[in-house]
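Below is one structure, written out as structure tokens; the observations come after it.
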Amino acid sequence: MRLAVVGAGGIGGYLGTKLALAGEDVTFVARNRNLEAINARGFRLQLEDGSELHAANVRAVAVPADAGPQDAVLLAVKAHQLAELLPALRGLFGPETMVVSMINGVPWWYFHRLVGPYEGRRLESVDPGGVIASHIEPERVIGSVVYPAAELVSPGVVRLIEGNRFTLGEPGGERTPRIEALSTAFMKAGFKAPVSKDIRAEIWVKLWGNLSLNPISALTQMTLEEICRFAPTRQLVASMMAEAQQVAEKLGTRFKISVEQRIAGAEAVGAHKTSMLQDLQAGRALELAALVGAVVELAAITGTPVPHVAAIHAAALGLAHKMAQERSVLVPRPA
């Protein structure tokens with residue numbers, strides 16, 4: 001398959017390297033030093049056991065049209081970065097090109113083919129003005145939930161922290177030839193790539209943690225283990241998850257695990273900094289709209305009270321505002 005990986009960071013580099021080594025035709029959409037490094041030396045992947053894989057046959061482009069039409073476009077960027085890549089991404093589209101949404105949080109296409117009274121609505125929080133929907137036809141979309149953790153350690157070099165599962169799903173739940181072909185390509189590369197009949201349910205299980213643990217970690221600078229073992233923050237997480245579950249159930253999603261099971265899973269990860277805490281400490285923009293703001297908007301659409309989620313969202317927005325004003329990294333000050 002001809003595959004374009006948009007975003008040559010941790011997850012994008014991990015995906016692209018292994019897919020290229022499995023024989024797929026992989027092109028990265030990258031920029032600056034990453035672009036130069038990939039074209040000069042390919043992409044290197046450092047594995048958990050210390051060994052390294054090298055995909056020398058990949059290339060990178062700064063302008064998507066230079067890569068030409070693809071079979072699939074893998075969106076491995078953060079939600080707030082997607083709009084700025086449009087409309088240039090259309091240079092990757094042919095008549096049958098799939099667009100695989102590998103972005104954390106509530107996706108812009110959430111209401112596409114959602115059975116029920118909300119079908120066809122748009123989420124202003126993740127797609128202000130409908131810019132994304134106007135450039136990516138909904139019928140192109142394949143949903144995905146990303147479970148691995150990986151980080152870009154230097155230009156063209158990614159370190160895998162853990163995981164190899166990427167769940168895939170059509171918004172309508174079918175097992176189509178195109179999603180079967182994509183799943184096969186992923187599995188050939190060594191990934192677990194199950195096809196879900198209800199990709200939104202998978203999204204919500206991961207979102208449960210993202211909407212609560214991420215902003216709490218940014219506000220407190222606590223690790224997952226610390227949040228889950230400190231009674232007040234553990235209870236806050238549980239309250240936020242319970243509110244989100246009510247929203248999801250009004251939208252037709254049913255959870256197969258309990259809140260306590262989800263929290264226990266997060267605690268088992270250990271002393272891990274969430275991506276939002278890492279962004280805070282590196283001075284990067286916080287990924288709030290898709291992870292938390294969209295849940296607040298969905299709550300308003302469904303008429304569901306979410307006082308804990310809304311309060312943490314407001315506090316995290318305040319933190320992001322302060323970061324933008326000071327244009328600096330926020331770290332704890334000595335007592």
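We name chains A, B, ... following the order of the structure tokens; residues begin at 1 in each chain, and ligands are numbered from 1 as shown.
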Which residues of stretch 149-207 of chain A come within 12 Å of stretch 66-81 of chain A, and what is each one's closest atom pair and distance in Å (one decimal), counting only C-alpha atoms, sorted by chain and residue number, as CSV?
residue,atom,partner,partner_atom,distance
A:Ala150,CA,A:Ala76,CA,11.9
A:Phe166,CA,A:Leu74,CA,11.7
A:Leu168,CA,A:Leu74,CA,11.7
A:Arg178,CA,A:Asp71,CA,9.4
A:Ile179,CA,A:Ala72,CA,10.2
A:Ala181,CA,A:Asp71,CA,10.2
A:Leu182,CA,A:Ala72,CA,8.2
A:Ser183,CA,A:Ala72,CA,11.7
A:Ala185,CA,A:Ala72,CA,11.0
A:Phe186,CA,A:Leu74,CA,11.7
Would you save the residues of that selection, restricted to all heavy atoms, as a PDB file, in the first residue's frame?
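again.pdb, written as the output of this step:
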ATOM      1  N   ALA A 150       5.291   6.144  22.445  1.00  0.00           N
ATOM      2  CA  ALA A 150       6.610   6.276  21.820  1.00  0.00           C
ATOM      3  C   ALA A 150       6.990   7.739  21.822  1.00  0.00           C
ATOM      4  O   ALA A 150       6.125   8.613  21.900  1.00  0.00           O
ATOM      5  CB  ALA A 150       6.589   5.719  20.394  1.00  0.00           C
ATOM      6  N   PHE A 166      -3.222  -1.060  17.578  1.00  0.00           N
ATOM      7  CA  PHE A 166      -3.940   0.038  16.945  1.00  0.00           C
ATOM      8  C   PHE A 166      -5.302  -0.511  16.509  1.00  0.00           C
ATOM      9  O   PHE A 166      -5.398  -1.197  15.489  1.00  0.00           O
ATOM     10  CB  PHE A 166      -3.177   0.563  15.727  1.00  0.00           C
ATOM     11  CG  PHE A 166      -1.852   1.195  16.045  1.00  0.00           C
ATOM     12  CD1 PHE A 166      -0.706   0.409  16.162  1.00  0.00           C
ATOM     13  CD2 PHE A 166      -1.735   2.563  16.220  1.00  0.00           C
ATOM     14  CE1 PHE A 166       0.526   0.985  16.443  1.00  0.00           C
ATOM     15  CE2 PHE A 166      -0.503   3.148  16.512  1.00  0.00           C
ATOM     16  CZ  PHE A 166       0.620   2.356  16.626  1.00  0.00           C
ATOM     17  N   LEU A 168      -8.850  -0.453  14.797  1.00  0.00           N
ATOM     18  CA  LEU A 168      -9.390   0.246  13.637  1.00  0.00           C
ATOM     19  C   LEU A 168     -10.897   0.041  13.575  1.00  0.00           C
ATOM     20  O   LEU A 168     -11.424  -0.951  14.077  1.00  0.00           O
ATOM     21  CB  LEU A 168      -8.758  -0.289  12.348  1.00  0.00           C
ATOM     22  CG  LEU A 168      -7.223  -0.258  12.274  1.00  0.00           C
ATOM     23  CD1 LEU A 168      -6.739  -1.047  11.054  1.00  0.00           C
ATOM     24  CD2 LEU A 168      -6.726   1.177  12.216  1.00  0.00           C
ATOM     25  N   ARG A 178     -11.768  -2.289   2.425  1.00  0.00           N
ATOM     26  CA  ARG A 178     -10.671  -1.346   2.641  1.00  0.00           C
ATOM     27  C   ARG A 178     -10.111  -1.447   4.060  1.00  0.00           C
ATOM     28  O   ARG A 178      -8.900  -1.369   4.266  1.00  0.00           O
ATOM     29  CB  ARG A 178     -11.108   0.084   2.331  1.00  0.00           C
ATOM     30  CG  ARG A 178     -12.134   0.681   3.278  1.00  0.00           C
ATOM     31  CD  ARG A 178     -12.420   2.131   2.940  1.00  0.00           C
ATOM     32  NE  ARG A 178     -13.255   2.775   3.972  1.00  0.00           N
ATOM     33  CZ  ARG A 178     -13.488   4.078   4.017  1.00  0.00           C
ATOM     34  NH1 ARG A 178     -12.972   4.880   3.098  1.00  0.00           N
ATOM     35  NH2 ARG A 178     -14.236   4.597   4.989  1.00  0.00           N
ATOM     36  N   ILE A 179     -10.981  -1.631   5.053  1.00  0.00           N
ATOM     37  CA  ILE A 179     -10.463  -1.716   6.420  1.00  0.00           C
ATOM     38  C   ILE A 179      -9.792  -3.059   6.667  1.00  0.00           C
ATOM     39  O   ILE A 179      -8.838  -3.153   7.436  1.00  0.00           O
ATOM     40  CB  ILE A 179     -11.573  -1.426   7.460  1.00  0.00           C
ATOM     41  CG1 ILE A 179     -10.925  -0.967   8.776  1.00  0.00           C
ATOM     42  CG2 ILE A 179     -12.466  -2.635   7.691  1.00  0.00           C
ATOM     43  CD1 ILE A 179     -11.903  -0.403   9.783  1.00  0.00           C
ATOM     44  N   ALA A 181      -8.034  -4.588   4.356  1.00  0.00           N
ATOM     45  CA  ALA A 181      -6.721  -4.430   3.737  1.00  0.00           C
ATOM     46  C   ALA A 181      -5.783  -3.631   4.644  1.00  0.00           C
ATOM     47  O   ALA A 181      -4.598  -3.961   4.778  1.00  0.00           O
ATOM     48  CB  ALA A 181      -6.867  -3.743   2.382  1.00  0.00           C
ATOM     49  N   LEU A 182      -6.310  -2.600   5.274  1.00  0.00           N
ATOM     50  CA  LEU A 182      -5.499  -1.786   6.181  1.00  0.00           C
ATOM     51  C   LEU A 182      -5.075  -2.597   7.401  1.00  0.00           C
ATOM     52  O   LEU A 182      -3.909  -2.562   7.821  1.00  0.00           O
ATOM     53  CB  LEU A 182      -6.298  -0.557   6.610  1.00  0.00           C
ATOM     54  CG  LEU A 182      -5.554   0.473   7.462  1.00  0.00           C
ATOM     55  CD1 LEU A 182      -4.429   1.130   6.645  1.00  0.00           C
ATOM     56  CD2 LEU A 182      -6.524   1.544   7.975  1.00  0.00           C
ATOM     57  N   SER A 183      -6.006  -3.338   7.984  1.00  0.00           N
ATOM     58  CA  SER A 183      -5.698  -4.173   9.141  1.00  0.00           C
ATOM     59  C   SER A 183      -4.639  -5.215   8.793  1.00  0.00           C
ATOM     60  O   SER A 183      -3.708  -5.463   9.567  1.00  0.00           O
ATOM     61  CB  SER A 183      -6.969  -4.869   9.645  1.00  0.00           C
ATOM     62  OG  SER A 183      -6.678  -5.771  10.692  1.00  0.00           O
ATOM     63  N   ALA A 185      -2.308  -4.968   6.486  1.00  0.00           N
ATOM     64  CA  ALA A 185      -1.018  -4.290   6.352  1.00  0.00           C
ATOM     65  C   ALA A 185      -0.399  -4.025   7.721  1.00  0.00           C
ATOM     66  O   ALA A 185       0.810  -4.210   7.919  1.00  0.00           O
ATOM     67  CB  ALA A 185      -1.197  -2.987   5.583  1.00  0.00           C
ATOM     68  N   PHE A 186      -1.215  -3.600   8.677  1.00  0.00           N
ATOM     69  CA  PHE A 186      -0.722  -3.345  10.029  1.00  0.00           C
ATOM     70  C   PHE A 186      -0.228  -4.634  10.681  1.00  0.00           C
ATOM     71  O   PHE A 186       0.831  -4.663  11.313  1.00  0.00           O
ATOM     72  CB  PHE A 186      -1.822  -2.713  10.880  1.00  0.00           C
ATOM     73  CG  PHE A 186      -1.894  -1.215  10.789  1.00  0.00           C
ATOM     74  CD1 PHE A 186      -1.861  -0.559   9.570  1.00  0.00           C
ATOM     75  CD2 PHE A 186      -2.020  -0.438  11.926  1.00  0.00           C
ATOM     76  CE1 PHE A 186      -1.932   0.819   9.482  1.00  0.00           C
ATOM     77  CE2 PHE A 186      -2.079   0.946  11.865  1.00  0.00           C
ATOM     78  CZ  PHE A 186      -2.036   1.573  10.631  1.00  0.00           C
TER      79      PHE A 186
END
Within 10 Å of A:Ala310 using only C-alpha atoms, minus same-chain residues under 2 positions, as a ChimeraX atom specification
/A:240,292-293,295-297,299,305-308,312-316
Sorted per-residue table, stretch 29-143 of chain A near stretch 194-209 of chain A, closest atoms and distance, 9 Å, only C-alpha atoms, as a Markdown table:
| residue | atom | partner | partner_atom | distance |
| --- | --- | --- | --- | --- |
| A:Asn104 | CA | A:Leu207 | CA | 7.6 |
| A:Gly105 | CA | A:Leu207 | CA | 5.7 |
| A:Val106 | CA | A:Ile203 | CA | 7.4 |
| A:Pro107 | CA | A:Ile203 | CA | 8.9 |
| A:Tyr110 | CA | A:Arg200 | CA | 7.8 |
| A:Gly143 | CA | A:Ile199 | CA | 6.5 |
Residue list (helix (DSSP H, G or I), DSSP) for stretch 35-166 of chain A, as a PyMOL selection string:
chain A and resi 35-41+64-66+79-85+88-92+128-135+138-140
Write to file, as a short mmCIF file (atom, residue, chain, number, x, y, z; two decimals), in the first residue's frame, the residues of the selection just made, with N, CA, C and O atoms.
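This is the output file result.cif:
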data_model
loop_
_atom_site.label_atom_id
_atom_site.label_comp_id
_atom_site.auth_asym_id
_atom_site.auth_seq_id
_atom_site.Cartn_x
_atom_site.Cartn_y
_atom_site.Cartn_z
N LEU A 35 12.46 16.52 8.72
CA LEU A 35 12.39 16.34 7.27
C LEU A 35 13.77 16.03 6.70
O LEU A 35 13.96 15.08 5.93
N GLU A 36 14.75 16.83 7.09
CA GLU A 36 16.11 16.66 6.58
C GLU A 36 16.70 15.32 7.02
O GLU A 36 17.35 14.62 6.24
N ALA A 37 16.48 14.96 8.29
CA ALA A 37 17.06 13.72 8.82
C ALA A 37 16.48 12.49 8.14
O ALA A 37 17.21 11.54 7.80
N ILE A 38 15.16 12.49 7.92
CA ILE A 38 14.52 11.32 7.30
C ILE A 38 15.04 11.14 5.88
O ILE A 38 15.36 10.02 5.45
N ASN A 39 15.13 12.21 5.12
CA ASN A 39 15.60 12.10 3.75
C ASN A 39 17.08 11.75 3.66
O ASN A 39 17.53 11.12 2.70
N ALA A 40 17.84 12.13 4.67
CA ALA A 40 19.28 11.82 4.66
C ALA A 40 19.59 10.42 5.16
O ALA A 40 20.45 9.72 4.61
N ARG A 41 18.86 9.99 6.20
CA ARG A 41 19.24 8.74 6.87
C ARG A 41 18.09 7.76 7.08
O ARG A 41 18.28 6.72 7.72
N PRO A 64 2.56 18.07 0.96
CA PRO A 64 1.89 16.80 0.71
C PRO A 64 1.73 16.45 -0.77
O PRO A 64 1.88 15.28 -1.15
N ALA A 65 1.46 17.42 -1.61
CA ALA A 65 1.25 17.14 -3.03
C ALA A 65 2.47 16.50 -3.67
O ALA A 65 2.35 15.79 -4.68
N ASP A 66 3.66 16.72 -3.09
CA ASP A 66 4.87 16.12 -3.64
C ASP A 66 4.87 14.61 -3.51
O ASP A 66 5.62 13.92 -4.23
N ALA A 79 -4.78 16.88 17.85
CA ALA A 79 -6.02 17.43 17.30
C ALA A 79 -5.90 18.90 16.93
O ALA A 79 -6.39 19.33 15.88
N HIS A 80 -5.23 19.70 17.79
CA HIS A 80 -5.16 21.12 17.52
C HIS A 80 -4.18 21.47 16.41
O HIS A 80 -4.09 22.63 16.00
N GLN A 81 -3.43 20.48 15.91
CA GLN A 81 -2.49 20.72 14.83
C GLN A 81 -3.09 20.44 13.45
O GLN A 81 -2.53 20.85 12.43
N LEU A 82 -4.22 19.75 13.42
CA LEU A 82 -4.75 19.28 12.14
C LEU A 82 -5.22 20.40 11.22
O LEU A 82 -4.90 20.40 10.03
N ALA A 83 -5.94 21.36 11.76
CA ALA A 83 -6.52 22.42 10.91
C ALA A 83 -5.45 23.18 10.14
O ALA A 83 -5.66 23.56 8.98
N GLU A 84 -4.28 23.38 10.75
CA GLU A 84 -3.23 24.16 10.09
C GLU A 84 -2.61 23.41 8.91
O GLU A 84 -1.92 24.01 8.08
N LEU A 85 -2.86 22.10 8.82
CA LEU A 85 -2.33 21.31 7.71
C LEU A 85 -3.24 21.32 6.49
O LEU A 85 -2.86 20.84 5.42
N ALA A 88 -3.70 21.68 2.40
CA ALA A 88 -2.59 21.03 1.70
C ALA A 88 -2.70 19.50 1.70
O ALA A 88 -2.24 18.84 0.76
N LEU A 89 -3.34 18.94 2.75
CA LEU A 89 -3.46 17.49 2.82
C LEU A 89 -4.18 16.89 1.63
O LEU A 89 -3.99 15.72 1.30
N ARG A 90 -5.01 17.68 0.98
CA ARG A 90 -5.77 17.15 -0.16
C ARG A 90 -4.85 16.72 -1.30
O ARG A 90 -5.26 15.95 -2.18
N GLY A 91 -3.60 17.18 -1.28
CA GLY A 91 -2.64 16.72 -2.28
C GLY A 91 -2.33 15.24 -2.16
O GLY A 91 -1.76 14.64 -3.08
N LEU A 92 -2.70 14.62 -1.02
CA LEU A 92 -2.49 13.19 -0.80
C LEU A 92 -3.69 12.35 -1.23
O LEU A 92 -3.62 11.12 -1.20
N PRO A 128 -13.78 23.91 14.72
CA PRO A 128 -14.40 25.24 14.67
C PRO A 128 -14.70 25.68 13.24
O PRO A 128 -13.82 25.65 12.38
N GLY A 129 -15.95 26.04 13.01
CA GLY A 129 -16.36 26.49 11.69
C GLY A 129 -16.46 25.39 10.66
O GLY A 129 -16.74 25.68 9.49
N GLY A 130 -16.23 24.15 11.05
CA GLY A 130 -16.34 23.03 10.10
C GLY A 130 -15.21 22.96 9.10
O GLY A 130 -15.36 22.35 8.03
N VAL A 131 -14.05 23.55 9.43
CA VAL A 131 -12.93 23.60 8.49
C VAL A 131 -12.43 22.20 8.13
O VAL A 131 -12.18 21.90 6.97
N ILE A 132 -12.29 21.33 9.14
CA ILE A 132 -11.78 19.98 8.88
C ILE A 132 -12.76 19.21 8.01
O ILE A 132 -12.38 18.60 7.00
N ALA A 133 -14.03 19.24 8.38
CA ALA A 133 -15.05 18.50 7.63
C ALA A 133 -15.16 18.99 6.19
O ALA A 133 -15.50 18.21 5.28
N SER A 134 -14.87 20.26 5.95
CA SER A 134 -14.97 20.79 4.59
C SER A 134 -13.81 20.35 3.71
O SER A 134 -13.89 20.42 2.48
N HIS A 135 -12.72 19.88 4.33
CA HIS A 135 -11.56 19.46 3.56
C HIS A 135 -11.35 17.95 3.53
O HIS A 135 -10.60 17.44 2.69
N PRO A 138 -16.30 12.93 4.80
CA PRO A 138 -16.52 11.94 5.88
C PRO A 138 -16.44 10.50 5.41
O PRO A 138 -16.05 9.62 6.19
N GLU A 139 -16.76 10.25 4.14
CA GLU A 139 -16.71 8.87 3.66
C GLU A 139 -15.28 8.34 3.55
O GLU A 139 -15.08 7.13 3.41
N ARG A 140 -14.28 9.21 3.64
CA ARG A 140 -12.90 8.75 3.62
C ARG A 140 -12.45 8.21 4.98
O ARG A 140 -11.48 7.46 5.07
#
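Counting only C-alpha atoms and comparing A:Val269, A:Ile263, A:Ala294, A:Met187, the residue that lies closest to A:Val237 is A:Ile263.
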Applying 9 Å and only C-alpha atoms, which residues near A:Asn34 remain after dropping the ones on its own chain fewer than 2 positions away? List them as a ChimeraX atom specification.
/A:8-9,30-32,36-39,60,154-157
For the selection just defined, write its residues with C-alpha atoms to a file, as a compact mmCIF listing (two decimals), in the first residue's frame.
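So the final result, stored in part_39.txt, reads:
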# COMPACT_ATOMS: atom_id res chain seq x y z
CA ALA A 8 6.74 12.19 12.10
CA GLY A 9 6.73 12.19 15.89
CA ALA A 30 7.41 16.30 8.06
CA ARG A 31 9.25 19.58 8.45
CA ASN A 32 12.48 21.25 9.54
CA GLU A 36 16.11 16.66 6.58
CA ALA A 37 17.06 13.72 8.82
CA ILE A 38 14.52 11.32 7.30
CA ASN A 39 15.60 12.10 3.75
CA ALA A 60 9.75 12.70 3.67
CA SER A 154 16.05 13.18 17.95
CA PRO A 155 15.31 14.00 14.31
CA GLY A 156 14.52 10.74 12.51
CA VAL A 157 14.87 8.62 15.66
Excluding A:Arg234 and any residue of its chain fewer than 4 positions from it, enumerate the residues within 10 Å of it, using only C-alpha atoms, and give them as a compact mmCIF listing (two decimals) with all heavy atoms, in the first residue's frame.
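Output saved as out-v5.txt:
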# COMPACT_ATOMS: atom_id res chain seq x y z
N SER A 212 -9.61 12.89 32.16
CA SER A 212 -9.46 13.10 33.61
C SER A 212 -7.99 13.13 34.03
O SER A 212 -7.51 14.12 34.59
CB SER A 212 -10.19 11.98 34.37
OG SER A 212 -9.71 10.70 33.97
N LEU A 213 -7.26 12.09 33.73
CA LEU A 213 -5.88 11.97 34.19
C LEU A 213 -4.96 13.03 33.56
O LEU A 213 -4.07 13.56 34.22
CB LEU A 213 -5.36 10.57 33.89
CG LEU A 213 -6.06 9.45 34.67
CD1 LEU A 213 -5.83 8.11 34.01
CD2 LEU A 213 -5.56 9.42 36.12
N LEU A 224 0.72 9.21 36.84
CA LEU A 224 -0.49 8.38 36.88
C LEU A 224 -0.59 7.64 38.22
O LEU A 224 -1.65 7.61 38.85
CB LEU A 224 -0.46 7.37 35.73
CG LEU A 224 -0.68 7.90 34.32
CD1 LEU A 224 -0.60 6.76 33.31
CD2 LEU A 224 -2.02 8.60 34.21
N GLU A 225 0.50 7.04 38.62
CA GLU A 225 0.52 6.28 39.88
C GLU A 225 0.16 7.17 41.07
O GLU A 225 -0.64 6.79 41.93
CB GLU A 225 1.91 5.68 40.05
CG GLU A 225 2.09 4.80 41.25
CD GLU A 225 3.52 4.26 41.29
OE1 GLU A 225 4.44 5.05 41.61
OE2 GLU A 225 3.71 3.08 40.99
N GLU A 226 0.71 8.36 41.10
CA GLU A 226 0.46 9.28 42.21
C GLU A 226 -1.00 9.72 42.23
O GLU A 226 -1.63 9.77 43.31
CB GLU A 226 1.38 10.49 42.10
CG GLU A 226 2.84 10.16 42.40
CD GLU A 226 3.77 11.31 42.05
OE1 GLU A 226 3.44 12.12 41.15
OE2 GLU A 226 4.84 11.39 42.67
N ILE A 227 -1.56 10.04 41.08
CA ILE A 227 -2.96 10.47 41.01
C ILE A 227 -3.88 9.36 41.51
O ILE A 227 -4.81 9.61 42.28
CB ILE A 227 -3.34 10.85 39.57
CG1 ILE A 227 -2.60 12.11 39.13
CG2 ILE A 227 -4.85 11.06 39.44
CD1 ILE A 227 -2.73 12.41 37.64
N CYS A 228 -3.61 8.14 41.08
CA CYS A 228 -4.49 7.01 41.41
C CYS A 228 -4.32 6.53 42.85
O CYS A 228 -5.22 5.86 43.39
CB CYS A 228 -4.24 5.85 40.44
SG CYS A 228 -4.68 6.22 38.73
N ARG A 229 -3.20 6.86 43.49
CA ARG A 229 -2.97 6.38 44.86
C ARG A 229 -3.24 7.44 45.92
O ARG A 229 -3.22 7.13 47.11
CB ARG A 229 -1.53 5.86 44.99
CG ARG A 229 -1.30 4.59 44.20
CD ARG A 229 0.09 4.03 44.39
NE ARG A 229 0.24 2.78 43.63
CZ ARG A 229 1.36 2.07 43.56
NH1 ARG A 229 2.44 2.47 44.24
NH2 ARG A 229 1.42 0.96 42.85
N PHE A 230 -3.50 8.67 45.48
CA PHE A 230 -3.83 9.74 46.42
C PHE A 230 -5.35 9.87 46.43
O PHE A 230 -5.98 10.17 45.40
CB PHE A 230 -3.18 11.05 45.96
CG PHE A 230 -3.40 12.21 46.88
CD1 PHE A 230 -3.07 12.13 48.24
CD2 PHE A 230 -3.94 13.39 46.41
CE1 PHE A 230 -3.28 13.20 49.09
CE2 PHE A 230 -4.15 14.47 47.25
CZ PHE A 230 -3.81 14.38 48.60
N ALA A 238 -12.57 9.43 39.40
CA ALA A 238 -13.77 8.59 39.34
C ALA A 238 -15.02 9.42 39.05
O ALA A 238 -15.89 9.01 38.28
CB ALA A 238 -13.93 7.83 40.66
N SER A 239 -15.12 10.60 39.66
CA SER A 239 -16.28 11.47 39.43
C SER A 239 -16.33 11.95 37.99
O SER A 239 -17.39 11.98 37.36
CB SER A 239 -16.24 12.66 40.39
OG SER A 239 -16.33 12.24 41.74
N GLU A 260 -13.75 1.73 38.13
CA GLU A 260 -12.66 1.26 38.98
C GLU A 260 -11.65 0.42 38.20
O GLU A 260 -10.45 0.49 38.45
CB GLU A 260 -13.21 0.47 40.17
CG GLU A 260 -13.62 1.34 41.34
CD GLU A 260 -12.48 2.25 41.84
OE1 GLU A 260 -11.36 1.74 42.05
OE2 GLU A 260 -12.71 3.46 42.01
N ILE A 263 -9.49 2.86 36.24
CA ILE A 263 -8.53 3.55 37.10
C ILE A 263 -7.40 2.59 37.50
O ILE A 263 -6.22 2.97 37.51
CB ILE A 263 -9.22 4.12 38.34
CG1 ILE A 263 -10.21 5.22 37.93
CG2 ILE A 263 -8.18 4.69 39.32
CD1 ILE A 263 -11.04 5.77 39.08
N GLU A 267 -3.38 3.04 37.04
CA GLU A 267 -2.45 2.94 38.18
C GLU A 267 -1.34 1.94 37.88
O GLU A 267 -0.19 2.14 38.25
CB GLU A 267 -3.22 2.50 39.43
CG GLU A 267 -2.37 2.43 40.68
CD GLU A 267 -3.18 2.03 41.91
OE1 GLU A 267 -4.42 1.87 41.79
OE2 GLU A 267 -2.56 1.87 42.98
Secondary structure check, strand (DSSP E or B) residues of stretch 125-302 of chain A, as JSON, numbers by chain:
{"A": [141, 142, 143, 144, 145, 146, 149, 150, 151, 152, 153, 154, 157, 158, 159, 160, 161, 162, 165, 166, 167, 168, 169, 192, 195]}
